[in-house]
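Structure file data00.cif with mmCIF, C-alpha atoms:
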```
data_final
#
loop_
_atom_site.label_atom_id
_atom_site.label_comp_id
_atom_site.auth_asym_id
_atom_site.auth_seq_id
_atom_site.Cartn_x
_atom_site.Cartn_y
_atom_site.Cartn_z
CA MET A 1 -5.77 -1.86 58.97
CA ASP A 2 -6.40 -5.60 58.60
CA LEU A 3 -4.72 -7.96 56.13
CA GLU A 4 -7.75 -8.08 53.85
CA LYS A 5 -7.70 -4.32 53.32
CA ILE A 6 -3.97 -4.40 52.58
CA ILE A 7 -4.43 -7.14 49.99
CA ASP A 8 -7.38 -5.30 48.49
CA GLY A 9 -5.37 -2.08 48.37
CA VAL A 10 -2.53 -3.78 46.52
CA ARG A 11 -4.93 -5.51 44.13
CA ASN A 12 -6.73 -2.30 43.27
CA TYR A 13 -3.62 -0.10 43.18
CA ARG A 14 -3.42 2.17 40.13
CA SER A 15 -1.00 5.02 39.62
CA ARG A 16 0.18 7.50 36.97
CA LYS A 17 3.01 8.67 39.21
CA LYS A 18 4.73 5.30 38.86
CA ILE A 19 4.71 5.66 35.07
CA TRP A 20 6.20 9.13 35.47
CA LEU A 21 8.94 7.57 37.62
CA ASP A 22 9.49 4.72 35.15
CA GLN A 23 10.33 7.16 32.34
CA TYR A 24 13.51 8.01 34.25
CA VAL A 25 14.26 4.80 36.16
CA ASP A 26 13.89 2.24 33.35
CA PRO A 27 16.19 4.04 30.84
CA SER A 28 18.78 4.61 33.56
CA LEU A 29 18.78 0.96 34.60
CA ALA A 30 19.09 -0.13 30.97
CA TRP A 31 22.01 2.26 30.42
CA ILE A 32 23.81 1.13 33.59
CA GLY A 33 23.34 -2.59 32.83
CA ALA A 34 24.59 -2.29 29.25
CA ASN A 35 27.65 -0.29 30.25
CA MET A 36 28.44 -2.70 33.09
CA GLY A 37 28.50 -5.47 30.51
CA TYR A 38 30.84 -3.41 28.34
CA VAL A 39 33.19 -2.76 31.28
CA TRP A 40 33.31 -6.50 32.01
CA GLY A 41 34.02 -7.31 28.37
CA SER A 42 36.70 -4.61 28.17
CA ASP A 43 38.44 -6.05 31.23
CA LYS A 44 38.54 -9.46 29.52
CA VAL A 45 40.00 -7.87 26.38
CA LEU A 46 42.73 -6.17 28.43
CA ASP A 47 43.51 -9.47 30.17
CA PHE A 48 43.85 -11.13 26.76
CA VAL A 49 46.18 -8.39 25.49
CA THR A 50 48.29 -8.65 28.65
CA LYS A 51 48.74 -12.41 28.19
CA LYS A 52 49.49 -12.19 24.48
CA THR A 53 52.04 -9.35 24.57
CA ASP A 54 55.41 -9.04 26.23
CA THR A 55 57.99 -6.37 25.45
CA PHE A 56 55.47 -3.87 24.05
CA GLU A 57 52.69 -4.59 26.53
CA GLY A 58 52.38 -0.94 27.61
CA LEU A 59 51.90 0.27 24.04
CA ALA A 60 49.55 -2.61 23.27
CA LEU A 61 47.43 -1.73 26.29
CA PHE A 62 47.43 1.92 25.27
CA GLY A 63 46.18 1.02 21.80
CA THR A 64 43.57 -1.27 23.31
CA TYR A 65 42.42 1.52 25.62
CA LEU A 66 41.92 3.84 22.65
CA GLY A 67 39.95 1.16 20.81
CA LEU A 68 37.79 0.37 23.83
CA ALA A 69 37.11 4.07 24.46
CA ALA A 70 36.07 4.54 20.84
CA GLY A 71 33.91 1.43 21.11
CA ALA A 72 32.23 2.73 24.28
CA ILE A 73 31.45 6.07 22.65
CA ALA A 74 30.07 4.44 19.50
CA LEU A 75 28.07 1.82 21.42
CA ASN A 76 26.47 4.45 23.63
CA LYS A 77 25.82 6.86 20.76
CA TYR A 78 24.31 4.40 18.30
CA VAL A 79 22.85 1.64 20.49
CA ILE A 80 22.56 2.12 24.25
CA VAL A 81 21.39 5.74 24.41
CA PRO A 82 18.89 5.36 21.53
CA VAL A 83 17.42 2.27 23.23
CA ALA A 84 17.19 4.16 26.52
CA LYS A 85 15.40 7.01 24.72
CA LYS A 86 12.92 4.57 23.20
CA ILE A 87 12.17 3.21 26.67
CA LYS A 88 11.61 6.75 27.94
CA GLU A 89 9.39 7.61 24.97
CA PHE A 90 7.32 4.49 25.62
CA HIS A 91 6.53 5.62 29.16
CA GLN A 92 5.89 9.21 28.02
CA HIS A 93 3.39 7.90 25.47
CA ARG A 94 1.63 5.98 28.24
CA LEU A 95 1.44 9.17 30.29
CA LYS A 96 -0.14 11.07 27.39
CA GLU A 97 -2.76 8.37 27.06
CA CYS A 98 -3.48 8.70 30.78
CA LYS A 99 -2.48 5.12 31.44
CA ARG A 100 -2.15 3.85 34.96
CA THR A 101 0.05 1.09 36.28
CA ASP A 102 -0.71 -1.51 38.93
CA ALA A 103 1.30 -2.86 41.90
CA LYS A 104 3.13 -5.36 39.70
CA SER A 105 5.06 -2.43 38.27
CA TRP A 106 6.83 -1.97 41.61
CA LEU A 107 7.75 -5.66 41.67
CA ARG A 108 9.19 -5.33 38.17
CA THR A 109 11.30 -2.33 39.18
CA ALA A 110 12.50 -4.10 42.34
CA GLY A 111 13.44 -7.11 40.19
CA GLN A 112 15.36 -4.92 37.76
CA VAL A 113 17.32 -3.26 40.56
CA GLY A 114 17.99 -6.65 42.17
CA SER A 115 19.16 -8.09 38.86
CA LEU A 116 21.49 -5.13 38.36
CA ILE A 117 23.00 -5.64 41.82
CA ALA A 118 23.41 -9.37 41.15
CA LEU A 119 25.00 -8.61 37.78
CA TYR A 120 27.44 -6.19 39.42
CA SER A 121 28.49 -8.91 41.85
CA ALA A 122 28.59 -11.75 39.30
CA LEU A 123 30.70 -9.80 36.83
CA ASN A 124 32.89 -8.43 39.64
CA ILE A 125 32.61 -4.92 38.22
CA GLY A 126 34.44 -3.50 41.26
CA GLY A 127 37.40 -5.77 40.50
CA ALA A 128 37.26 -4.81 36.82
CA VAL A 129 37.47 -1.12 37.75
CA GLY A 130 40.49 -1.93 39.94
CA ASP A 131 42.07 -3.77 37.01
CA PHE A 132 41.55 -0.70 34.83
CA LYS A 133 43.41 1.35 37.42
CA ASN A 134 46.36 -1.06 37.45
CA ASP A 135 46.46 -1.26 33.66
CA THR A 136 46.35 2.53 33.44
CA GLU A 137 49.36 2.79 35.72
CA ARG A 138 51.30 0.41 33.48
CA VAL A 139 50.32 2.34 30.37
CA ILE A 140 51.43 5.62 31.96
CA ASP A 141 54.75 4.03 32.98
CA ALA A 142 55.32 2.76 29.45
CA LEU A 143 54.48 6.09 27.79
CA ALA A 144 56.59 8.00 30.31
CA GLY A 145 59.55 5.73 29.64
CA ARG A 146 59.74 4.47 33.21
CA GLY A 147 60.44 0.95 32.16
CA ASN A 148 59.20 -1.91 30.07
CA PRO A 149 56.15 -3.49 31.68
CA PRO A 150 55.91 -7.11 30.45
CA ILE A 151 56.08 -8.37 34.02
CA THR A 152 55.47 -6.18 37.05
CA ARG A 153 58.84 -6.16 38.78
CA VAL A 154 59.08 -5.10 42.38
CA GLN A 155 62.61 -3.85 41.86
CA ASP A 156 65.49 -4.41 39.46
CA ASP A 157 66.17 -7.83 40.85
CA ILE A 158 68.90 -9.15 43.13
CA PRO A 159 72.53 -8.56 42.14
CA PRO A 160 74.84 -11.54 42.84
CA LEU A 161 76.85 -12.44 45.92
CA LYS A 162 76.31 -9.43 48.16
CA GLU A 163 76.02 -9.94 51.93
CA GLU A 164 73.37 -7.27 52.32
CA LEU A 165 70.94 -9.23 50.19
CA SER A 166 69.78 -11.35 53.13
CA MET A 167 70.26 -14.46 51.02
CA PRO A 168 71.00 -17.79 52.76
CA LYS A 169 74.70 -18.73 52.74
CA GLU A 170 73.98 -22.15 51.29
CA LEU A 171 72.18 -20.53 48.38
CA LYS A 172 75.01 -18.06 47.76
CA ALA A 173 77.44 -20.96 47.60
CA GLU A 174 75.48 -22.46 44.72
CA MET A 175 75.68 -19.31 42.64
CA PRO A 176 78.41 -19.19 39.93
CA ASN A 177 81.44 -17.30 41.25
CA THR A 178 82.17 -16.09 37.71
CA LEU A 179 79.28 -13.65 38.03
CA VAL A 180 81.05 -11.62 40.71
CA SER A 181 82.70 -9.48 38.04
CA LYS A 182 79.41 -8.84 36.26
CA ASN A 183 77.33 -5.90 37.37
CA ILE A 184 73.93 -7.31 36.58
CA LYS A 185 72.09 -4.17 37.60
CA ASP A 186 73.79 -2.29 34.75
CA THR A 187 72.06 -4.52 32.21
CA ASN A 188 68.49 -4.09 31.00
CA ILE A 189 66.40 -6.77 32.68
CA TYR A 190 64.41 -7.23 29.45
CA SER A 191 67.43 -7.62 27.18
CA ASP A 192 68.79 -11.05 26.23
CA GLU A 193 71.93 -10.40 28.27
CA GLY A 194 69.97 -9.13 31.26
CA ARG A 195 67.65 -12.12 31.24
CA PHE A 196 70.57 -14.51 30.81
CA LEU A 197 72.74 -13.11 33.61
CA ARG A 198 69.87 -13.03 36.08
CA THR A 199 68.88 -16.59 35.17
CA TYR A 200 72.42 -18.00 35.09
CA ARG A 201 72.80 -17.27 38.81
CA TRP A 202 70.52 -20.26 39.38
CA ASP A 203 72.24 -22.57 36.86
CA LYS A 204 73.10 -25.32 39.36
CA PHE A 205 69.48 -25.59 40.42
CA LEU A 206 68.18 -25.37 36.85
CA SER A 207 70.64 -27.92 35.45
CA ALA A 208 70.04 -30.33 38.33
CA ALA A 209 66.25 -30.09 37.86
CA GLU A 210 66.57 -30.63 34.10
CA LYS A 211 68.60 -33.80 34.65
CA LYS A 212 66.35 -35.06 37.46
CA HIS A 213 63.18 -34.73 35.37
CA ASN A 214 64.77 -35.56 31.97
CA LEU A 215 64.16 -32.16 30.41
CA GLU A 216 65.98 -30.83 27.35
CA GLU A 217 69.18 -28.97 28.23
CA GLY A 218 68.47 -25.29 28.83
CA LEU A 219 64.70 -25.71 28.44
CA LEU A 220 63.94 -24.76 32.04
CA ALA A 221 66.38 -21.85 31.83
CA GLY A 222 64.71 -20.62 28.64
CA LEU A 223 61.35 -20.80 30.38
CA VAL A 224 62.69 -18.78 33.32
CA MET A 225 64.19 -16.16 31.01
CA GLN A 226 60.77 -15.72 29.40
CA GLU A 227 58.56 -15.98 32.50
CA SER A 228 60.45 -13.97 35.12
CA CYS A 229 63.74 -12.78 33.55
CA GLY A 230 65.51 -14.71 36.33
CA ASN A 231 64.01 -12.53 39.07
CA PRO A 232 63.12 -14.74 42.09
CA VAL A 233 60.77 -12.11 43.55
CA ALA A 234 58.91 -11.29 40.34
CA LEU A 235 55.16 -10.76 40.26
CA GLY A 236 52.92 -11.38 37.28
CA SER A 237 51.58 -8.64 35.05
CA GLY A 238 48.24 -7.22 36.04
CA ASN A 239 48.44 -8.68 39.57
CA ASP A 240 47.12 -12.01 38.28
CA GLY A 241 48.48 -13.90 41.28
CA ASP A 242 51.48 -15.65 39.69
CA ALA A 243 54.84 -15.17 41.37
CA GLY A 244 58.46 -16.20 41.71
CA LEU A 245 61.11 -17.45 39.34
CA MET A 246 58.72 -19.97 37.77
CA MET A 247 55.67 -17.66 37.89
CA PHE A 248 53.44 -20.22 39.58
CA ILE A 249 49.80 -19.44 40.29
CA PRO A 250 48.71 -20.55 43.78
CA GLY A 251 46.65 -23.62 42.82
CA THR A 252 49.38 -25.18 40.66
CA ALA A 253 52.07 -24.32 43.22
CA GLN A 254 50.12 -26.11 45.95
CA GLU A 255 49.55 -29.10 43.68
CA TYR A 256 53.32 -29.45 43.36
CA GLY A 257 54.03 -29.15 47.06
CA LEU A 258 54.78 -25.46 47.48
CA LYS A 259 53.44 -23.48 50.41
CA THR A 260 51.71 -20.30 49.25
CA TYR A 261 50.66 -17.09 50.96
CA GLY A 262 46.98 -16.54 51.67
CA LYS A 263 43.97 -18.76 51.08
CA SER A 264 43.77 -18.70 47.28
CA LYS A 265 43.67 -22.06 45.51
CA ALA A 266 43.02 -20.58 42.09
CA ASN A 267 44.30 -22.36 38.99
CA CYS A 268 43.77 -19.26 36.89
CA SER A 269 43.99 -15.49 37.30
CA ASP A 270 43.20 -14.30 40.84
CA LYS A 271 43.35 -10.51 41.05
CA LYS A 272 42.57 -10.37 44.77
CA HIS A 273 45.44 -12.74 45.54
CA GLY A 274 47.71 -10.79 43.21
CA LYS A 275 47.05 -7.53 45.03
CA LYS A 276 47.70 -9.21 48.38
CA LEU A 277 50.99 -10.57 47.04
CA LYS A 278 52.03 -7.14 45.85
CA ALA A 279 51.34 -5.71 49.29
CA LEU A 280 53.26 -8.59 50.92
CA VAL A 281 56.34 -8.05 48.78
CA LYS A 282 56.38 -4.35 49.65
CA GLN A 283 55.80 -5.13 53.32
CA LYS A 284 58.78 -7.54 53.33
CA ASN A 285 60.87 -4.91 51.53
CA TYR A 286 61.63 -7.40 48.74
CA ASN A 287 63.63 -9.54 51.18
CA TYR A 288 64.28 -12.91 49.55
CA VAL A 289 64.54 -14.88 52.80
CA SER A 290 61.42 -13.40 54.38
CA LEU A 291 59.38 -13.94 51.23
CA SER A 292 60.64 -17.52 50.82
CA ASP A 293 59.51 -18.33 54.35
CA VAL A 294 55.99 -17.02 53.68
CA ASP A 295 55.52 -18.25 50.10
CA GLU A 296 57.72 -20.99 48.61
CA ARG A 297 57.15 -19.75 45.08
CA PHE A 298 59.89 -17.28 46.00
CA ASN A 299 62.17 -20.13 47.14
CA VAL A 300 64.45 -20.79 44.17
CA PRO A 301 65.48 -24.45 44.79
CA LYS A 302 61.94 -25.57 45.63
CA SER A 303 60.15 -23.61 42.90
CA VAL A 304 62.66 -24.71 40.22
CA ASP A 305 62.20 -28.37 41.09
CA ALA A 306 58.41 -27.97 41.17
CA GLY A 307 58.48 -26.13 37.83
CA ALA A 308 60.55 -28.87 36.21
CA GLU A 309 58.19 -31.56 37.51
CA PHE A 310 55.16 -29.61 36.26
CA LEU A 311 56.73 -29.15 32.81
CA LYS A 312 57.56 -32.88 32.61
CA ASP A 313 53.98 -33.79 33.55
CA LEU A 314 52.68 -31.51 30.79
CA TYR A 315 55.07 -33.16 28.34
CA GLU A 316 53.80 -36.62 29.27
CA ARG A 317 50.21 -35.43 29.00
CA PHE A 318 50.43 -33.59 25.66
CA GLY A 319 53.28 -35.41 23.94
CA SER A 320 55.78 -32.69 22.99
CA TRP A 321 57.90 -30.04 24.69
CA ASP A 322 56.37 -27.25 22.60
CA ASP A 323 52.90 -28.35 23.70
CA ALA A 324 54.13 -28.48 27.31
CA LEU A 325 55.59 -24.96 27.11
CA SER A 326 52.37 -23.62 25.62
CA ALA A 327 50.25 -25.35 28.28
CA TYR A 328 52.54 -24.00 31.01
CA ASN A 329 51.56 -20.53 29.87
CA GLN A 330 47.84 -20.90 29.11
CA GLY A 331 46.59 -24.16 30.64
CA THR A 332 46.18 -26.09 27.39
CA PRO A 333 48.44 -26.02 24.32
CA ALA A 334 47.79 -23.72 21.40
CA LYS A 335 46.83 -25.45 18.12
CA LYS A 336 50.28 -24.70 16.69
CA PRO A 337 52.43 -23.97 19.76
CA HIS A 338 55.70 -23.72 17.84
CA LYS A 339 54.27 -20.70 15.99
CA THR A 340 53.21 -18.80 19.13
CA THR A 341 55.30 -15.90 20.39
CA HIS A 342 55.60 -17.49 23.84
CA VAL A 343 57.08 -20.79 22.66
CA LYS A 344 59.27 -19.13 20.02
CA ARG A 345 60.86 -16.88 22.63
CA ILE A 346 61.48 -19.72 25.07
CA ARG A 347 63.20 -21.68 22.31
CA GLU A 348 65.30 -18.64 21.39
CA TYR A 349 66.25 -18.10 25.04
CA GLN A 350 67.05 -21.80 25.44
CA LYS A 351 69.48 -21.58 22.51
CA TYR A 352 70.95 -18.31 23.82
CA TYR A 353 71.41 -19.80 27.29
CA ASN A 354 73.13 -22.97 26.06
CA GLN A 355 75.47 -20.97 23.84
CA ASN A 356 76.48 -18.44 26.48
CA LYS A 357 76.66 -20.42 29.72
CA HIS A 358 79.86 -22.09 28.49
CA ASN A 359 81.56 -18.68 28.49
CA PHE A 360 81.47 -18.58 32.31
#
```
Rewritten as structure tokens:
Amino acid sequence: MDLEKIIDGVRNYRSRKKIWLDQYVDPSLAWIGANMGYVWGSDKVLDFVTKKTDTFEGLALFGTYLGLAAGAIALNKYVIVPVAKKIKEFHQHRLKECKRTDAKSWLRTAGQVGSLIALYSALNIGGAVGDFKNDTERVIDALAGRGNPPITRVQDDIPPLKEELSMPKELKAEMPNTLVSKNIKDTNIYSDEGRFLRTYRWDKFLSAAEKKHNLEEGLLAGLVMQESCGNPVALGSGNDGDAGLMMFIPGTAQEYGLKTYGKSKANCSDKKHGKKLKALVKQKNYNYVSLSDVDERFNVPKSVDAGAEFLKDLYERFGSWDDALSAYNQGTPAKKPHKTTHVKRIREYQKYYNQNKHNF
């Protein structure tokens, strides 16, 4: 068959079978595309809830799940499915009228399928489904009473001054000896006392960094109590890629001279990096020294100094400590940072820290 015949065959192509196929393919593609968009939007809503809640994150996520499920049911019942039925009815009407379609119809279908594949990739639907799985695990943990999930902890932190902790001797020497009598593991990591005791272990580093960078007294400690509860091997909620005492994301950590694990240079949420970090921490068996060697966000002296420098830079950029604290959390300050839950809690923890550290 020569090229001319092929071109002529395509030009003169007419088919009723293609219309019969379209009555099933087109509604299905429309349904899949619309629901993919809803999955993407739902993932963004869950991310927002995660960032805006702390102590009751598990319950907040559970409530959000119920709302999103109800929304999905309503959207499909009253919008997506009726539209898909209209598309099917359109093709069925064409069949009844004995219409025929030409070769362009196949190009349209190929374009629709290609667009759907591109949309799947652009919206990272696979990653969104993985996020749903992680969020579901946290909701189940919260409802089952297996712990408070504001920040995904790899274990209940490092108790003080124990040889088996594989902590460098020079770092142990900097830790307050008065904490030897305190059994930190007996305190709730999310309570004021639990956050304080875990953070106070690093007081010499925190106080030195505050003086070096001219920060308010206890401000850095209050930030640590809020961000990581004083846990040097903490990981961010939802595997967002932030880690360590100061909860640095990889891009910002690198900007302030910290070596980070992997190739991520993200300055915002990076789920892939977060999952790799989680696997790394488990692989290293939560060993502080091993983790510090691989990723300096887990190195307390270095990350504390970098965090203080970052906070001071934000202060100089935005003009107030409340603005700086808000920007530390979300990139740019909230309109009224002093009224946000994040800044309020840091200020409360700062006051708590300054009042109680003199008792040791």
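Of the residues under consideration (A:Asn12, A:Ser290, A:Thr136, A:Ser207), A:Thr136 shows the shortest atom-to-atom contact distance to Leu46 (chain A) when counting all atoms listed in the file.
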(message) If the PyMOL selection byres ((chain A and resi 27) around 10) were run on this exact file, what residues would it hold? Put them as a count of residues only.
(response) 22
(message) Can you pull out the residues contacting Leu277 (chain A)? Cut-off 9 Å, using all atoms listed in the file, and skip same-chain residues under 2 positions away; I want them as a PyMOL selection string.
(response) chain A and resi 235+239+241-243+261-262+272-275+279-282
(request) Excluding region 322-327 of chain A and any residue of its chain fewer than 2 positions from it, enumerate the residues within 8 Å of it, using all atoms listed in the file, and give them as a list in words. (result)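 What passes the distance filter is Leu223, Leu311, Lys312, Leu314, Tyr315, Phe318, Gly319, Ser320, Asn329, Gln330, Gly331, Thr332, Pro333, Ala334, Pro337, His338, His342 and Val343 of chain A.
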For the residues in that selection, give me C-alpha atoms as a compact mmCIF listing (two decimals), keeping the file's coordinate frame.
```txt
# COMPACT_ATOMS: atom_id res chain seq x y z
CA LEU A 223 61.35 -20.80 30.38
CA LEU A 311 56.73 -29.15 32.81
CA LYS A 312 57.56 -32.88 32.61
CA LEU A 314 52.68 -31.51 30.79
CA TYR A 315 55.07 -33.16 28.34
CA PHE A 318 50.43 -33.59 25.66
CA GLY A 319 53.28 -35.41 23.94
CA SER A 320 55.78 -32.69 22.99
CA ASN A 329 51.56 -20.53 29.87
CA GLN A 330 47.84 -20.90 29.11
CA GLY A 331 46.59 -24.16 30.64
CA THR A 332 46.18 -26.09 27.39
CA PRO A 333 48.44 -26.02 24.32
CA ALA A 334 47.79 -23.72 21.40
CA PRO A 337 52.43 -23.97 19.76
CA HIS A 338 55.70 -23.72 17.84
CA HIS A 342 55.60 -17.49 23.84
CA VAL A 343 57.08 -20.79 22.66
```
Within 6 Å of region 294-304 of chain A, counting only C-alpha atoms, which residues qualify if same-chain residues fewer than 5 places away don't, as a PDB file with C-alpha atoms, keeping the file's coordinate frame?
```
ATOM      1  CA  PRO A 232      63.120 -14.740  42.090  1.00  0.00           C
ATOM      2  CA  VAL A 233      60.770 -12.110  43.550  1.00  0.00           C
ATOM      3  CA  GLY A 244      58.460 -16.200  41.710  1.00  0.00           C
ATOM      4  CA  LEU A 258      54.780 -25.460  47.480  1.00  0.00           C
ATOM      5  CA  LYS A 259      53.440 -23.480  50.410  1.00  0.00           C
ATOM      6  CA  THR A 260      51.710 -20.300  49.250  1.00  0.00           C
ATOM      7  CA  TYR A 261      50.660 -17.090  50.960  1.00  0.00           C
TER       8      TYR A 261
END
```
What does the PyMOL selection byres ((chain A and resi 198) around 10) select in this file, as a PDB file with C-alpha atoms, in the coordinates of the input?
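Final output, result-v3.pdb:
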```pdb
ATOM      1  CA  ASP A 157      66.170  -7.830  40.850  1.00  0.00           C
ATOM      2  CA  ILE A 158      68.900  -9.150  43.130  1.00  0.00           C
ATOM      3  CA  PRO A 159      72.530  -8.560  42.140  1.00  0.00           C
ATOM      4  CA  PRO A 160      74.840 -11.540  42.840  1.00  0.00           C
ATOM      5  CA  LEU A 179      79.280 -13.650  38.030  1.00  0.00           C
ATOM      6  CA  ILE A 184      73.930  -7.310  36.580  1.00  0.00           C
ATOM      7  CA  LYS A 185      72.090  -4.170  37.600  1.00  0.00           C
ATOM      8  CA  THR A 187      72.060  -4.520  32.210  1.00  0.00           C
ATOM      9  CA  ILE A 189      66.400  -6.770  32.680  1.00  0.00           C
ATOM     10  CA  GLU A 193      71.930 -10.400  28.270  1.00  0.00           C
ATOM     11  CA  GLY A 194      69.970  -9.130  31.260  1.00  0.00           C
ATOM     12  CA  ARG A 195      67.650 -12.120  31.240  1.00  0.00           C
ATOM     13  CA  PHE A 196      70.570 -14.510  30.810  1.00  0.00           C
ATOM     14  CA  LEU A 197      72.740 -13.110  33.610  1.00  0.00           C
ATOM     15  CA  THR A 199      68.880 -16.590  35.170  1.00  0.00           C
ATOM     16  CA  TYR A 200      72.420 -18.000  35.090  1.00  0.00           C
ATOM     17  CA  ARG A 201      72.800 -17.270  38.810  1.00  0.00           C
ATOM     18  CA  TRP A 202      70.520 -20.260  39.380  1.00  0.00           C
ATOM     19  CA  ASP A 203      72.240 -22.570  36.860  1.00  0.00           C
ATOM     20  CA  VAL A 224      62.690 -18.780  33.320  1.00  0.00           C
ATOM     21  CA  MET A 225      64.190 -16.160  31.010  1.00  0.00           C
ATOM     22  CA  SER A 228      60.450 -13.970  35.120  1.00  0.00           C
ATOM     23  CA  CYS A 229      63.740 -12.780  33.550  1.00  0.00           C
ATOM     24  CA  GLY A 230      65.510 -14.710  36.330  1.00  0.00           C
ATOM     25  CA  ASN A 231      64.010 -12.530  39.070  1.00  0.00           C
ATOM     26  CA  PRO A 232      63.120 -14.740  42.090  1.00  0.00           C
TER      27      PRO A 232
END
```
(request) Carefully work through the PyMOL selection byres ((chain A and resi 95) around 10) for this structure and note down the residues it includes, as a list in words. (result) Arg16, Lys17, Lys18, Ile19, Trp20, Gln23, Glu89, Phe90, His91, Gln92, His93, Arg94, Lys96, Glu97, Cys98, Lys99 and Arg100 of chain A
(request) May I ask for the distance between CA of Phe248 (chain A) and CA of Glu227 (chain A), given in Å to one decimal place? (result) 9.7 Å
(message) I'd like the interatomic distance between CA of Tyr190 (chain A) and CA of Lys271 (chain A), to a tenth of an Å.
(response)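 For CA of Tyr190 (chain A) relative to CA of Lys271 (chain A), the distance reads 24.3 Å.
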With 5 Å on each side, where is the centre of the axis-aligned box around all listed atoms of region 121-124 of chain A, and how long are its edges in Å to one decimal, as lines of an AutoDock Vina configuration file?
```
center_x = 30.7
center_y = -10.1
center_z = 39.3
size_x = 14.4
size_y = 13.3
size_z = 15.0
```
(message) So the first atom is CA of Lys77 (chain A) and the second is CA of Gly37 (chain A); what is the distance between them in Å, to one decimal place?
(response)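 Spanning CA of Lys77 (chain A) to CA of Gly37 (chain A) is a straight-line distance of 15.9 Å.
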(message) Using only C-alpha atoms, which protein or nucleic acid residues come within 12 Å of Ile117 (chain A)? Drop anything in the same chain fewer than 6 positions from it, and give the result as a PyMOL selection string.
(response) chain A and resi 29+32-33+36+110-111+123-126
(message) Report as a ChimeraX atom specification all protein, DNA and RNA residues lying within 10 Å of Tyr256 (chain A), evaluated on all atoms listed in the file, omitting residues in the same chain fewer than 4 positions from it.
(response) /A:248,251-252,302-303,305-307,309-310
Deliver the residues from the most recent selection as a file, using C-alpha atoms, as a PDB file, in the coordinates of the input.
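out_5.pdb written:
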```pdb
ATOM      1  CA  PHE A 248      53.440 -20.220  39.580  1.00  0.00           C
ATOM      2  CA  GLY A 251      46.650 -23.620  42.820  1.00  0.00           C
ATOM      3  CA  THR A 252      49.380 -25.180  40.660  1.00  0.00           C
ATOM      4  CA  LYS A 302      61.940 -25.570  45.630  1.00  0.00           C
ATOM      5  CA  SER A 303      60.150 -23.610  42.900  1.00  0.00           C
ATOM      6  CA  ASP A 305      62.200 -28.370  41.090  1.00  0.00           C
ATOM      7  CA  ALA A 306      58.410 -27.970  41.170  1.00  0.00           C
ATOM      8  CA  GLY A 307      58.480 -26.130  37.830  1.00  0.00           C
ATOM      9  CA  GLU A 309      58.190 -31.560  37.510  1.00  0.00           C
ATOM     10  CA  PHE A 310      55.160 -29.610  36.260  1.00  0.00           C
TER      11      PHE A 310
END
```
(message) For a quick check of understanding, using only C-alpha atoms, which of A:Met247, A:Leu119, A:Ala253, A:Ala128 has the smallest distance to Gln226 (chain A)?
(response) A:Met247
What would the file be for region 79-109 of chain A if you keep C-alpha atoms and write it as a PDB file, in the first residue's frame?
```
ATOM      1  CA  VAL A  79     -21.557  17.246  39.372  1.00  0.00           C
ATOM      2  CA  ILE A  80     -19.041  14.750  37.993  1.00  0.00           C
ATOM      3  CA  VAL A  81     -21.300  11.738  37.400  1.00  0.00           C
ATOM      4  CA  PRO A  82     -24.146  13.817  35.893  1.00  0.00           C
ATOM      5  CA  VAL A  83     -21.658  15.483  33.518  1.00  0.00           C
ATOM      6  CA  ALA A  84     -20.257  12.081  32.561  1.00  0.00           C
ATOM      7  CA  LYS A  85     -23.804  10.845  31.874  1.00  0.00           C
ATOM      8  CA  LYS A  86     -24.480  13.855  29.649  1.00  0.00           C
ATOM      9  CA  ILE A  87     -21.346  13.055  27.658  1.00  0.00           C
ATOM     10  CA  LYS A  88     -22.491   9.452  27.269  1.00  0.00           C
ATOM     11  CA  GLU A  89     -25.997  10.542  26.245  1.00  0.00           C
ATOM     12  CA  PHE A  90     -24.501  12.855  23.630  1.00  0.00           C
ATOM     13  CA  HIS A  91     -22.675   9.973  21.953  1.00  0.00           C
ATOM     14  CA  GLN A  92     -25.729   7.689  22.254  1.00  0.00           C
ATOM     15  CA  HIS A  93     -27.815  10.348  20.506  1.00  0.00           C
ATOM     16  CA  ARG A  94     -25.248  10.464  17.697  1.00  0.00           C
ATOM     17  CA  LEU A  95     -25.486   6.689  17.363  1.00  0.00           C
ATOM     18  CA  LYS A  96     -29.290   6.852  17.070  1.00  0.00           C
ATOM     19  CA  GLU A  97     -28.956   9.402  14.312  1.00  0.00           C
ATOM     20  CA  CYS A  98     -26.545   7.072  12.525  1.00  0.00           C
ATOM     21  CA  LYS A  99     -23.743   9.597  12.718  1.00  0.00           C
ATOM     22  CA  ARG A 100     -20.242   8.632  11.739  1.00  0.00           C
ATOM     23  CA  THR A 101     -16.971  10.050  12.977  1.00  0.00           C
ATOM     24  CA  ASP A 102     -13.781  10.735  11.045  1.00  0.00           C
ATOM     25  CA  ALA A 103     -10.091  10.061  11.798  1.00  0.00           C
ATOM     26  CA  LYS A 104      -9.780  13.265  13.824  1.00  0.00           C
ATOM     27  CA  SER A 105     -11.812  11.553  16.529  1.00  0.00           C
ATOM     28  CA  TRP A 106      -8.908   9.194  17.217  1.00  0.00           C
ATOM     29  CA  LEU A 107      -6.531  12.151  17.499  1.00  0.00           C
ATOM     30  CA  ARG A 108      -8.901  13.770  19.997  1.00  0.00           C
ATOM     31  CA  THR A 109      -9.040  10.615  22.107  1.00  0.00           C
TER      32      THR A 109
END
```
